[in-house]
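Engineer: Below is the file query-v1.cif, with mmCIF, C-alpha atoms.
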```cif
data_target
#
loop_
_atom_site.group_PDB
_atom_site.id
_atom_site.type_symbol
_atom_site.label_atom_id
_atom_site.label_comp_id
_atom_site.auth_asym_id
_atom_site.auth_seq_id
_atom_site.Cartn_x
_atom_site.Cartn_y
_atom_site.Cartn_z
ATOM 1 C CA MET D 289 6.960 -11.267 31.887
ATOM 2 C CA THR D 290 10.341 -9.619 31.559
ATOM 3 C CA ASP D 291 10.775 -6.370 33.473
ATOM 4 C CA TRP D 292 12.856 -4.232 31.158
ATOM 5 C CA VAL D 293 15.492 -2.030 32.720
ATOM 6 C CA SER D 294 14.840 1.617 31.899
ATOM 7 C CA GLY D 295 17.721 3.020 29.909
ATOM 8 C CA GLU D 296 18.994 -0.359 28.656
ATOM 9 C CA PRO D 297 21.026 0.250 25.464
ATOM 10 C CA GLY D 298 18.961 0.406 22.298
ATOM 11 C CA TRP D 299 15.657 1.429 23.793
ATOM 12 C CA ASP D 300 14.567 5.020 23.218
ATOM 13 C CA GLU D 301 17.225 5.466 20.508
ATOM 14 C CA ARG D 302 16.614 6.631 16.934
ATOM 15 C CA TRP D 303 16.892 3.715 14.501
ATOM 16 C CA PRO D 304 17.087 4.376 10.739
ATOM 17 C CA ALA D 305 14.751 2.870 8.150
ATOM 18 C CA PRO D 306 16.449 3.827 4.867
ATOM 19 C CA ALA D 307 14.942 4.383 1.445
ATOM 20 C CA LYS D 308 15.965 2.168 -1.450
ATOM 21 C CA LEU D 309 16.150 2.783 -5.154
ATOM 22 C CA ASN D 310 15.622 0.258 -7.917
ATOM 23 C CA LEU D 311 18.486 1.017 -10.282
ATOM 24 C CA MET D 312 17.082 -1.484 -12.780
ATOM 25 C CA LEU D 313 13.820 -3.443 -12.984
ATOM 26 C CA ARG D 314 12.960 -6.154 -15.511
ATOM 27 C CA ILE D 315 9.841 -8.310 -15.465
ATOM 28 C CA VAL D 316 10.909 -11.702 -16.763
ATOM 29 C CA GLY D 317 7.822 -13.812 -16.102
ATOM 30 C CA ARG D 318 4.885 -14.529 -13.874
ATOM 31 C CA ARG D 319 4.211 -17.170 -11.232
ATOM 32 C CA ALA D 320 1.081 -19.291 -11.146
ATOM 33 C CA ASP D 321 -0.214 -17.196 -8.228
ATOM 34 C CA GLY D 322 -0.002 -14.018 -10.306
ATOM 35 C CA TYR D 323 3.128 -12.540 -8.736
ATOM 36 C CA HIS D 324 5.590 -11.158 -11.261
ATOM 37 C CA LEU D 325 9.095 -12.566 -11.504
ATOM 38 C CA LEU D 326 11.686 -9.822 -11.487
ATOM 39 C CA GLN D 327 15.291 -8.967 -11.944
ATOM 40 C CA THR D 328 16.214 -5.809 -10.103
ATOM 41 C CA VAL D 329 19.079 -3.970 -8.462
ATOM 42 C CA PHE D 330 18.467 -2.400 -5.067
ATOM 43 C CA GLN D 331 20.633 0.338 -3.622
ATOM 44 C CA MET D 332 20.301 1.694 -0.100
ATOM 45 C CA THR D 333 20.373 5.443 0.562
ATOM 46 C CA ASP D 334 20.960 7.727 3.533
ATOM 47 C CA LEU D 335 17.415 9.124 3.249
ATOM 48 C CA CYS D 336 15.537 7.606 6.174
ATOM 49 C CA ASP D 337 12.456 7.282 8.302
ATOM 50 C CA TRP D 338 13.382 7.013 11.992
ATOM 51 C CA LEU D 339 11.942 4.720 14.652
ATOM 52 C CA ARG D 340 12.135 4.574 18.436
ATOM 53 C CA PHE D 341 11.045 1.628 20.558
ATOM 54 C CA TYR D 342 9.813 1.822 24.156
ATOM 55 C CA PRO D 343 9.386 -1.340 26.279
ATOM 56 C CA VAL D 344 6.050 -1.913 28.021
ATOM 57 C CA ALA D 345 5.205 -4.548 30.608
ATOM 58 C CA ASP D 346 1.672 -5.427 29.482
ATOM 59 C CA GLY D 347 2.657 -7.339 26.346
ATOM 60 C CA SER D 348 0.855 -4.961 23.987
ATOM 61 C CA VAL D 349 2.124 -3.607 20.647
ATOM 62 C CA SER D 350 1.038 -0.089 19.782
ATOM 63 C CA LEU D 351 2.013 3.059 17.926
ATOM 64 C CA LYS D 352 2.908 6.322 19.604
ATOM 65 C CA THR D 353 2.541 8.042 16.232
ATOM 66 C CA PRO D 354 -0.298 6.465 14.168
ATOM 67 C CA THR D 355 -0.121 7.073 10.415
ATOM 68 C CA SER D 356 -3.049 9.082 9.085
ATOM 69 C CA GLY D 357 -5.476 6.868 7.170
ATOM 70 C CA VAL D 358 -3.895 3.589 8.354
ATOM 71 C CA ALA D 359 -5.524 1.539 11.132
ATOM 72 C CA GLU D 360 -2.997 0.833 13.893
ATOM 73 C CA GLN D 361 -3.180 -2.945 13.577
ATOM 74 C CA ASP D 362 -2.660 -2.651 9.803
ATOM 75 C CA ASP D 363 0.503 -0.572 10.169
ATOM 76 C CA LEU D 364 3.483 -2.550 8.904
ATOM 77 C CA THR D 365 5.560 -1.832 12.010
ATOM 78 C CA VAL D 366 2.824 -3.178 14.309
ATOM 79 C CA ARG D 367 2.320 -6.194 12.054
ATOM 80 C CA ALA D 368 6.082 -6.813 12.044
ATOM 81 C CA ALA D 369 6.326 -6.658 15.840
ATOM 82 C CA ASN D 370 3.352 -8.992 16.305
ATOM 83 C CA LEU D 371 4.702 -11.416 13.689
ATOM 84 C CA LEU D 372 8.040 -11.514 15.504
ATOM 85 C CA ARG D 373 6.320 -12.090 18.863
ATOM 86 C CA ARG D 374 4.326 -15.011 17.471
ATOM 87 C CA ARG D 375 7.359 -16.567 15.792
ATOM 88 C CA ALA D 376 9.466 -16.340 18.963
ATOM 89 C CA GLY D 377 6.605 -17.252 21.297
ATOM 90 C CA CYS D 378 7.404 -14.272 23.472
ATOM 91 C CA ALA D 379 5.118 -11.947 25.431
ATOM 92 C CA HIS D 380 7.177 -8.760 25.216
ATOM 93 C CA GLY D 381 5.423 -5.493 24.537
ATOM 94 C CA VAL D 382 6.501 -2.338 22.755
ATOM 95 C CA VAL D 383 5.376 1.148 21.834
ATOM 96 C CA ILE D 384 6.680 2.217 18.424
ATOM 97 C CA GLU D 385 7.334 5.836 17.509
ATOM 98 C CA LEU D 386 7.754 6.590 13.802
ATOM 99 C CA GLU D 387 9.222 9.754 12.331
ATOM 100 C CA LYS D 388 7.961 9.574 8.747
ATOM 101 C CA ASN D 389 10.133 11.268 6.122
ATOM 102 C CA LEU D 390 9.804 8.925 3.141
ATOM 103 C CA PRO D 391 6.764 9.517 0.913
ATOM 104 C CA MET D 392 4.051 6.895 0.645
ATOM 105 C CA GLY D 393 3.465 5.511 -2.845
ATOM 106 C CA GLY D 394 6.825 6.777 -4.012
ATOM 107 C CA GLY D 395 8.675 3.546 -4.777
ATOM 108 C CA LEU D 396 11.281 4.192 -2.080
ATOM 109 C CA GLY D 397 10.096 1.317 0.103
ATOM 110 C CA GLY D 398 9.356 3.378 3.197
ATOM 111 C CA GLY D 399 6.728 1.123 4.777
ATOM 112 C CA SER D 400 8.745 -1.995 3.991
ATOM 113 C CA SER D 401 11.867 -0.416 5.461
ATOM 114 C CA ASP D 402 9.976 0.550 8.623
ATOM 115 C CA ALA D 403 8.838 -3.073 8.990
ATOM 116 C CA ALA D 404 12.365 -4.389 8.444
ATOM 117 C CA THR D 405 13.866 -2.032 11.029
ATOM 118 C CA THR D 406 11.187 -3.175 13.476
ATOM 119 C CA LEU D 407 12.064 -6.846 12.898
ATOM 120 C CA VAL D 408 15.828 -6.339 13.095
ATOM 121 C CA VAL D 409 15.895 -4.003 16.093
ATOM 122 C CA LEU D 410 13.304 -5.829 18.199
ATOM 123 C CA ASN D 411 15.101 -9.102 17.470
ATOM 124 C CA ARG D 412 18.074 -7.532 19.229
ATOM 125 C CA LEU D 413 16.265 -5.613 21.975
ATOM 126 C CA TRP D 414 14.101 -8.604 22.881
ATOM 127 C CA LYS D 415 17.208 -10.828 22.780
ATOM 128 C CA LEU D 416 15.593 -13.329 20.402
ATOM 129 C CA PHE D 417 18.712 -13.901 18.259
ATOM 130 C CA LEU D 418 16.825 -15.137 15.183
ATOM 131 C CA PRO D 419 19.188 -15.347 12.175
ATOM 132 C CA THR D 420 18.955 -12.831 9.349
ATOM 133 C CA GLN D 421 17.596 -15.413 6.878
ATOM 134 C CA GLU D 422 14.712 -16.178 9.220
ATOM 135 C CA LEU D 423 13.949 -12.486 9.657
ATOM 136 C CA MET D 424 13.986 -12.121 5.856
ATOM 137 C CA ALA D 425 11.452 -14.962 5.570
ATOM 138 C CA LEU D 426 9.231 -13.265 8.136
ATOM 139 C CA GLY D 427 9.586 -10.006 6.260
ATOM 140 C CA LEU D 428 8.445 -11.613 3.003
ATOM 141 C CA GLN D 429 5.112 -12.339 4.707
ATOM 142 C CA LEU D 430 4.696 -8.577 5.102
ATOM 143 C CA GLY D 431 5.773 -7.503 1.617
ATOM 144 C CA ALA D 432 8.121 -8.325 -1.249
ATOM 145 C CA ASP D 433 10.456 -5.395 -0.484
ATOM 146 C CA VAL D 434 10.905 -6.139 3.233
ATOM 147 C CA PRO D 435 13.624 -8.834 2.818
ATOM 148 C CA VAL D 436 16.107 -6.497 1.099
ATOM 149 C CA PHE D 437 15.936 -4.061 4.003
ATOM 150 C CA VAL D 438 16.493 -6.921 6.462
ATOM 151 C CA PHE D 439 19.411 -8.062 4.269
ATOM 152 C CA GLY D 440 20.774 -4.554 4.568
ATOM 153 C CA HIS D 441 23.020 -4.249 1.533
ATOM 154 C CA SER D 442 22.825 -3.145 -2.082
ATOM 155 C CA SER D 443 21.723 -6.239 -3.960
ATOM 156 C CA TRP D 444 20.917 -8.036 -7.160
ATOM 157 C CA GLY D 445 17.352 -9.302 -6.650
ATOM 158 C CA GLU D 446 15.387 -12.054 -8.387
ATOM 159 C CA GLY D 447 12.176 -14.005 -7.764
ATOM 160 C CA VAL D 448 9.646 -11.452 -6.493
ATOM 161 C CA GLY D 449 12.652 -9.509 -5.258
ATOM 162 C CA GLU D 450 13.460 -11.717 -2.279
ATOM 163 C CA LYS D 451 16.325 -13.772 -3.781
ATOM 164 C CA LEU D 452 19.243 -11.491 -3.045
ATOM 165 C CA GLN D 453 22.937 -11.353 -3.823
ATOM 166 C CA ALA D 454 25.029 -8.559 -2.341
ATOM 167 C CA MET D 455 26.530 -6.083 -4.806
ATOM 168 C CA THR D 456 28.968 -3.215 -4.494
ATOM 169 C CA ILE D 457 27.659 -0.257 -6.485
ATOM 170 C CA PRO D 458 29.211 3.209 -6.909
ATOM 171 C CA GLU D 459 27.875 5.368 -4.077
ATOM 172 C CA GLN D 460 26.702 8.316 -6.129
ATOM 173 C CA TRP D 461 24.968 11.434 -4.940
ATOM 174 C CA LEU D 462 21.272 11.366 -5.830
ATOM 175 C CA VAL D 463 18.562 13.840 -6.635
ATOM 176 C CA ILE D 464 15.104 12.309 -6.179
ATOM 177 C CA ILE D 465 11.866 13.961 -7.293
ATOM 178 C CA LYS D 466 8.523 12.948 -5.786
ATOM 179 C CA PRO D 467 5.810 13.912 -8.314
ATOM 180 C CA ASP D 468 2.451 14.998 -6.949
ATOM 181 C CA CYS D 469 0.783 11.611 -7.325
ATOM 182 C CA HIS D 470 0.532 8.277 -5.537
ATOM 183 C CA VAL D 471 1.239 5.358 -7.888
ATOM 184 C CA ASP D 472 -0.852 2.238 -7.277
ATOM 185 C CA THR D 473 1.607 -0.657 -7.662
ATOM 186 C CA LYS D 474 -1.209 -3.171 -8.194
ATOM 187 C CA GLN D 475 -2.594 -1.028 -11.020
ATOM 188 C CA ILE D 476 0.793 -0.991 -12.739
ATOM 189 C CA PHE D 477 1.328 -4.741 -12.477
ATOM 190 C CA CYS D 478 -2.198 -5.321 -13.851
ATOM 191 C CA ALA D 479 -1.782 -2.865 -16.739
ATOM 192 C CA GLU D 480 -2.472 -4.345 -20.149
ATOM 193 C CA GLY D 481 0.572 -2.803 -21.813
ATOM 194 C CA LEU D 482 3.136 -3.868 -19.213
ATOM 195 C CA THR D 483 6.066 -5.897 -20.545
ATOM 196 C CA ARG D 484 6.108 -9.239 -18.705
ATOM 197 C CA ASP D 485 8.533 -11.246 -20.832
ATOM 198 C CA SER D 486 11.805 -9.331 -20.779
ATOM 199 C CA LYS D 487 14.829 -11.458 -21.511
ATOM 200 C CA PRO D 488 16.774 -12.103 -18.296
ATOM 201 C CA ILE D 489 20.181 -10.447 -18.112
ATOM 202 C CA LYS D 490 23.348 -11.077 -16.118
ATOM 203 C CA MET D 491 24.730 -8.882 -13.378
ATOM 204 C CA ARG D 492 27.548 -7.823 -15.700
ATOM 205 C CA ASP D 493 24.965 -6.493 -18.189
ATOM 206 C CA PHE D 494 23.714 -4.090 -15.543
ATOM 207 C CA ILE D 495 27.252 -3.109 -14.592
ATOM 208 C CA GLU D 496 27.934 -2.382 -18.273
ATOM 209 C CA GLY D 497 24.932 -0.044 -18.458
ATOM 210 C CA ASP D 498 21.656 -1.969 -18.913
ATOM 211 C CA SER D 499 19.475 -0.139 -16.400
ATOM 212 C CA LYS D 500 16.025 -0.145 -17.987
ATOM 213 C CA ASN D 501 12.857 -0.253 -15.919
ATOM 214 C CA ASP D 502 10.028 -2.169 -17.591
ATOM 215 C CA CYS D 503 7.440 -0.119 -15.671
ATOM 216 C CA THR D 504 8.539 3.306 -16.924
ATOM 217 C CA GLN D 505 6.420 3.430 -20.080
ATOM 218 C CA VAL D 506 3.204 2.298 -18.378
ATOM 219 C CA VAL D 507 3.681 4.556 -15.342
ATOM 220 C CA SER D 508 4.453 7.571 -17.539
ATOM 221 C CA ALA D 509 1.318 6.959 -19.610
ATOM 222 C CA LEU D 510 -0.949 6.624 -16.579
ATOM 223 C CA TYR D 511 0.636 9.372 -14.487
ATOM 224 C CA PRO D 512 1.526 12.528 -16.458
ATOM 225 C CA GLN D 513 3.214 13.965 -13.350
ATOM 226 C CA VAL D 514 5.793 11.170 -13.508
ATOM 227 C CA LYS D 515 6.366 11.730 -17.214
ATOM 228 C CA ASP D 516 6.915 15.433 -16.546
ATOM 229 C CA ALA D 517 9.339 14.756 -13.683
ATOM 230 C CA LEU D 518 11.381 12.401 -15.868
ATOM 231 C CA ARG D 519 11.517 15.041 -18.602
ATOM 232 C CA VAL D 520 12.661 17.783 -16.229
ATOM 233 C CA LEU D 521 15.278 15.666 -14.452
ATOM 234 C CA ALA D 522 16.633 14.412 -17.791
ATOM 235 C CA GLU D 523 17.857 17.953 -18.442
ATOM 236 C CA TYR D 524 20.465 17.374 -15.709
ATOM 237 C CA GLY D 525 21.325 13.659 -15.883
ATOM 238 C CA GLU D 526 20.045 10.153 -16.622
ATOM 239 C CA ALA D 527 16.520 10.237 -15.172
ATOM 240 C CA ARG D 528 15.072 6.917 -14.057
ATOM 241 C CA LEU D 529 11.981 5.610 -12.314
ATOM 242 C CA THR D 530 12.444 3.648 -9.082
ATOM 243 C CA GLY D 531 10.280 0.531 -8.861
ATOM 244 C CA THR D 532 6.772 1.394 -10.005
ATOM 245 C CA GLY D 533 7.333 4.996 -8.892
ATOM 246 C CA ALA D 534 6.198 7.641 -8.372
ATOM 247 C CA CYS D 535 9.714 8.837 -7.502
ATOM 248 C CA VAL D 536 12.276 9.473 -10.228
ATOM 249 C CA PHE D 537 15.981 9.959 -9.670
ATOM 250 C CA ALA D 538 19.321 10.784 -11.227
ATOM 251 C CA GLY D 539 22.820 10.038 -9.954
ATOM 252 C CA PHE D 540 25.750 12.468 -9.842
ATOM 253 C CA SER D 541 29.433 11.891 -9.206
ATOM 254 C CA SER D 542 29.904 14.881 -6.889
ATOM 255 C CA GLU D 543 27.962 16.378 -4.000
ATOM 256 C CA SER D 544 28.329 19.879 -5.453
ATOM 257 C CA GLU D 545 26.755 18.854 -8.757
ATOM 258 C CA ALA D 546 23.852 17.150 -6.999
ATOM 259 C CA ARG D 547 23.315 20.131 -4.710
ATOM 260 C CA ALA D 548 23.187 22.468 -7.722
ATOM 261 C CA VAL D 549 20.490 20.326 -9.358
ATOM 262 C CA TYR D 550 18.583 20.096 -6.068
ATOM 263 C CA ALA D 551 18.693 23.890 -5.729
ATOM 264 C CA ALA D 552 17.435 24.333 -9.301
ATOM 265 C CA LEU D 553 14.418 22.078 -8.727
ATOM 266 C CA LYS D 554 13.375 22.494 -5.089
ATOM 267 C CA ASP D 555 11.078 25.481 -5.620
ATOM 268 C CA ARG D 556 8.963 23.609 -8.203
ATOM 269 C CA TRP D 557 9.024 20.016 -6.938
ATOM 270 C CA VAL D 558 9.246 17.912 -3.807
ATOM 271 C CA VAL D 559 12.924 17.018 -4.081
ATOM 272 C CA TYR D 560 15.312 14.988 -1.924
ATOM 273 C CA LEU D 561 19.101 15.095 -1.875
ATOM 274 C CA ALA D 562 20.573 11.750 -0.848
ATOM 275 C CA LYS D 563 23.664 9.570 -1.019
ATOM 276 C CA GLY D 564 23.638 6.056 -2.388
ATOM 277 C CA LEU D 565 25.013 3.518 0.095
ATOM 278 C CA ASN D 566 26.047 -0.118 -0.152
ATOM 279 C CA GLN D 567 25.546 -0.874 3.543
ATOM 280 C CA SER D 568 22.251 0.037 5.173
ATOM 281 C CA PRO D 569 22.648 2.745 7.833
ATOM 282 C CA LEU D 570 20.644 0.432 10.109
ATOM 283 C CA TYR D 571 23.466 -2.110 10.131
ATOM 284 C CA LYS D 572 26.085 0.579 10.502
ATOM 285 C CA LYS D 573 24.320 1.680 13.702
ATOM 286 C CA LEU D 574 23.992 -1.926 14.894
ATOM 287 C CA GLU D 575 27.745 -2.450 14.421
ATOM 288 C CA GLN D 576 28.480 0.714 16.406
ATOM 289 C CA GLY D 577 26.189 -0.403 19.223
#
```
Would you write the structure of this file as structure tokens?
Structural biologist:
Amino acid sequence: MTDWVSGEPGWDERWPAPAKLNLMLRIVGRRADGYHLLQTVFQMTDLCDWLRFYPVADGSVSLKTPTSGVAEQDDLTVRAANLLRRRAGCAHGVVIELEKNLPMGGGLGGGSSDAATTLVVLNRLWKLFLPTQELMALGLQLGADVPVFVFGHSSWGEGVGEKLQAMTIPEQWLVIIKPDCHVDTKQIFCAEGLTRDSKPIKMRDFIEGDSKNDCTQVVSALYPQVKDALRVLAEYGEARLTGTGACVFAGFSSESEARAVYAALKDRWVVYLAKGLNQSPLYKKLEQG
């Protein structure tokens, strides 16, 4: 068993787990196992959960801050740490502390991002040195959105969202509304009226303005709160749904414009002000360390 040195760099530091937005989402088919085949564009943001990791000598993996309603062993961060331990054949232990800022069921990828940060950071702190592609493959076992957070860059995504190509996207200021509902992703993908045969497009089509989300119509019909949020935000800019929602967002070219919209909405809605980023803040911190 490794005796970790107290105060070794990286331990007991705050590590970001950023939110993502789907700037476009098309459903272009379905696999034999039922998973939907997608085309999507992911963009990272500076809106984050935060994690700390504390080494323990007994080889256990546990949470310092359990999430209400989620059994500890089912938490994605615990599952990620245990998956990494099994893959590397190591006996290291860790206590994970999670500062939860990203809403659950909002389409911002919070749980997936938490899992990805756990994989990436513990890979470094435990000195395992597994390559990024292998961490992405591990992440896919935890959820379809985990690989993009391990990848750590704004991306064009295909497959179930795990086939990624880095993109550089304008880093706009963002206003994000979280309607008062929790969208069930499985319900949306099982919905009878969901479009599942969109014609695939090219990256240049998105760049030239094709940013539709095939889930918007179904989600708006099933969740009136989402429909209302889209209507309200559309008064200020191009309002779009991220993923299957529930969050909706609009981009703005200046911080002052975004702040004005945020101020106009914050007394009536749960609203976030954020900045779109091409590089994940997790990797920016890793480079600095």
Engineer: Can you pull out every residue within 12 Å of Leu462 in chain D, counting all atoms listed in the file, but drop anything in the same chain fewer than 2 positions away, and send it as a PyMOL selection string?
Structural biologist: chain D and resi 307-309+311+331-335+458-460+464-465+521+524-528+535-550+559-565
Engineer: Once the PyMOL selection byres ((chain D and resi 503) around 10) is applied to the coordinates I shared, what remains selected? I want it as a count of residues only.
Structural biologist: 24
Engineer: For CA of Ala403 in chain D and CA of Gly298 in chain D, quote the distance in Å rounded to one decimal.
Structural biologist: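 CA of Ala403 in chain D sits 17.1 Å away from CA of Gly298 in chain D.
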Engineer: What is the distance between CA of Ala359 in chain D and CA of His380 in chain D, in Å to one decimal?
Structural biologist: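 About the pair CA of Ala359 in chain D and CA of His380 in chain D: they are 21.6 Å apart.
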Engineer: Could you expand the PyMOL selection byres ((chain D and resi 436-447) around 6) into the explicit residues it covers here, written as a ChimeraX atom specification?
Structural biologist: /D:325-332,401,404,424,433-435,448-449,451-455,566-568
Engineer: I need the output of the PyMOL selection byres ((chain D and resi 467) around 7) for this file as a PDB file with C-alpha atoms, in the coordinates of the input; which residues are they?
Structural biologist:
```
ATOM      1  CA  ILE D 465      11.866  13.961  -7.293  1.00  0.00           C
ATOM      2  CA  LYS D 466       8.523  12.948  -5.786  1.00  0.00           C
ATOM      3  CA  ASP D 468       2.451  14.998  -6.949  1.00  0.00           C
ATOM      4  CA  CYS D 469       0.783  11.611  -7.325  1.00  0.00           C
ATOM      5  CA  GLN D 513       3.214  13.965 -13.350  1.00  0.00           C
ATOM      6  CA  VAL D 514       5.793  11.170 -13.508  1.00  0.00           C
ATOM      7  CA  ALA D 517       9.339  14.756 -13.683  1.00  0.00           C
ATOM      8  CA  ALA D 534       6.198   7.641  -8.372  1.00  0.00           C
ATOM      9  CA  CYS D 535       9.714   8.837  -7.502  1.00  0.00           C
ATOM     10  CA  VAL D 558       9.246  17.912  -3.807  1.00  0.00           C
TER      11      VAL D 558
END
```
Engineer: Which of these, D:Leu418, D:Ala509, D:Leu518, D:Ile489, has the shortest distance to Ala376 in chain D once you count all atoms listed in the file?
Structural biologist: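 Smallest distance to Ala376 in chain D is found for D:Leu418.
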Engineer: Would you be able to write out as a VMD selection string which residues have an atom within 12 Å of (29.2, -2.5, -14.7) in the file's coordinates, counting all atoms listed in the file?
Structural biologist: chain D and resid 329 455 to 458 490 to 499
Engineer: To one decimal place, how far is CA of Gln475 in chain D from CA of Leu510 in chain D in Å?
Structural biologist: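 Separation between CA of Gln475 in chain D and CA of Leu510 in chain D: 9.6 Å.
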Engineer: What are the centre and edge lengths in Å, to one decimal, of the axis-aligned box around all listed atoms of range 322-339 of chain D with 8 Å added on each side, as AutoDock Vina command-line options?
Structural biologist:
```
--center_x 10.5 --center_y -2.4 --center_z 1.4 --size_x 37.0 --size_y 39.1 --size_z 42.6
```
Engineer: Any idea what's packed within 12 Å of Gly577 in chain D, counting only C-alpha atoms, ignoring anything in its chain fewer than 6 positions away? Could you give it as a list in words?
Structural biologist: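 My list of contacting residues is Glu296, Pro297, Gly298, Trp299, Glu301, Trp303, Val409, Arg412, Leu413, Leu570 and Tyr571 of chain D.
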Engineer: Given the choices D:His470, D:Arg319, D:Arg375, D:Arg302, which gets closest to Glu387 in chain D if the distance is worked out from all atoms listed in the file?
Structural biologist: D:Arg302
Engineer: Need the shell around range 384-386 of chain D: protein/DNA/RNA residues with any atom at most 7 Å away, counting all atoms listed in the file. Skip same-chain ones fewer than 2 positions apart. Format as JSON, numbers by chain?
Structural biologist: {"D": [338, 339, 340, 341, 342, 350, 351, 352, 353, 382, 388]}
Engineer: Measuring between only C-alpha atoms, which one of D:Leu396, D:Leu407, D:Val471, D:Ala305 shows the shortest distance to Leu430 in chain D?
Structural biologist: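 For Leu430 in chain D, the nearest of the candidates is D:Leu407.
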Engineer: Which residue, D:Pro569, D:Gly427, D:Gly357, D:Pro306, has the smallest gap to Asn389 in chain D when you use all atoms listed in the file?
Structural biologist: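 Residue with the minimum atom-to-atom distance to Asn389 in chain D: D:Pro306.
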Engineer: Between D:Gly398, D:Glu575, D:Gly317, D:Arg556, which is the closest to Asp516 in chain D once you count all atoms listed in the file?
Structural biologist: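 The closest residue to Asp516 in chain D is D:Arg556.
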Engineer: Would you pick out the contacts of Leu372 in chain D at 9 Å or less, using only C-alpha atoms, so that residues sharing its chain but fewer than 4 positions from it are not included, and give the list as a PDB file with C-alpha atoms, in the frame of the given file?
Structural biologist:
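Written output follows (out-v7.pdb):
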```pdb
ATOM      1  CA  ARG D 367       2.320  -6.194  12.054  1.00  0.00           C
ATOM      2  CA  ALA D 368       6.082  -6.813  12.044  1.00  0.00           C
ATOM      3  CA  ALA D 376       9.466 -16.340  18.963  1.00  0.00           C
ATOM      4  CA  GLY D 377       6.605 -17.252  21.297  1.00  0.00           C
ATOM      5  CA  CYS D 378       7.404 -14.272  23.472  1.00  0.00           C
ATOM      6  CA  LEU D 407      12.064  -6.846  12.898  1.00  0.00           C
ATOM      7  CA  LEU D 410      13.304  -5.829  18.199  1.00  0.00           C
ATOM      8  CA  ASN D 411      15.101  -9.102  17.470  1.00  0.00           C
ATOM      9  CA  LEU D 423      13.949 -12.486   9.657  1.00  0.00           C
ATOM     10  CA  LEU D 426       9.231 -13.265   8.136  1.00  0.00           C
TER      11      LEU D 426
END
```
Engineer: Can you complete the atoms of range 301-314 of chain D to N, CA and C atoms and list them as a PDB file, in the coordinates of the input?
Structural biologist:
```
ATOM      1  N   GLU D 301      16.230   4.913  21.422  1.00  0.00           N
ATOM      2  CA  GLU D 301      17.225   5.466  20.508  1.00  0.00           C
ATOM      3  C   GLU D 301      16.590   5.589  19.126  1.00  0.00           C
ATOM      4  N   ARG D 302      17.124   6.476  18.301  1.00  0.00           N
ATOM      5  CA  ARG D 302      16.614   6.631  16.934  1.00  0.00           C
ATOM      6  C   ARG D 302      17.273   5.580  16.031  1.00  0.00           C
ATOM      7  N   TRP D 303      16.413   4.766  15.388  1.00  0.00           N
ATOM      8  CA  TRP D 303      16.892   3.715  14.501  1.00  0.00           C
ATOM      9  C   TRP D 303      16.478   4.039  13.074  1.00  0.00           C
ATOM     10  N   PRO D 304      17.422   3.996  12.114  1.00  0.00           N
ATOM     11  CA  PRO D 304      17.087   4.376  10.739  1.00  0.00           C
ATOM     12  C   PRO D 304      16.345   3.286   9.974  1.00  0.00           C
ATOM     13  N   ALA D 305      15.425   3.736   9.119  1.00  0.00           N
ATOM     14  CA  ALA D 305      14.751   2.870   8.150  1.00  0.00           C
ATOM     15  C   ALA D 305      14.983   3.523   6.785  1.00  0.00           C
ATOM     16  N   PRO D 306      16.028   3.096   6.065  1.00  0.00           N
ATOM     17  CA  PRO D 306      16.449   3.827   4.867  1.00  0.00           C
ATOM     18  C   PRO D 306      15.557   3.588   3.658  1.00  0.00           C
ATOM     19  N   ALA D 307      15.570   4.559   2.757  1.00  0.00           N
ATOM     20  CA  ALA D 307      14.942   4.383   1.445  1.00  0.00           C
ATOM     21  C   ALA D 307      15.848   3.534   0.564  1.00  0.00           C
ATOM     22  N   LYS D 308      15.208   2.874  -0.407  1.00  0.00           N
ATOM     23  CA  LYS D 308      15.965   2.168  -1.450  1.00  0.00           C
ATOM     24  C   LYS D 308      15.596   2.743  -2.799  1.00  0.00           C
ATOM     25  N   LEU D 309      16.463   2.517  -3.759  1.00  0.00           N
ATOM     26  CA  LEU D 309      16.150   2.783  -5.154  1.00  0.00           C
ATOM     27  C   LEU D 309      16.286   1.487  -5.940  1.00  0.00           C
ATOM     28  N   ASN D 310      15.425   1.318  -6.932  1.00  0.00           N
ATOM     29  CA  ASN D 310      15.622   0.258  -7.917  1.00  0.00           C
ATOM     30  C   ASN D 310      16.401   0.865  -9.077  1.00  0.00           C
ATOM     31  N   LEU D 311      17.648   0.470  -9.218  1.00  0.00           N
ATOM     32  CA  LEU D 311      18.486   1.017 -10.282  1.00  0.00           C
ATOM     33  C   LEU D 311      18.202   0.358 -11.626  1.00  0.00           C
ATOM     34  N   MET D 312      17.500  -0.755 -11.585  1.00  0.00           N
ATOM     35  CA  MET D 312      17.082  -1.484 -12.780  1.00  0.00           C
ATOM     36  C   MET D 312      15.910  -2.364 -12.383  1.00  0.00           C
ATOM     37  N   LEU D 313      14.954  -2.570 -13.286  1.00  0.00           N
ATOM     38  CA  LEU D 313      13.820  -3.443 -12.984  1.00  0.00           C
ATOM     39  C   LEU D 313      13.302  -4.083 -14.272  1.00  0.00           C
ATOM     40  N   ARG D 314      13.455  -5.385 -14.361  1.00  0.00           N
ATOM     41  CA  ARG D 314      12.960  -6.154 -15.511  1.00  0.00           C
ATOM     42  C   ARG D 314      11.922  -7.153 -15.012  1.00  0.00           C
TER      43      ARG D 314
END
```
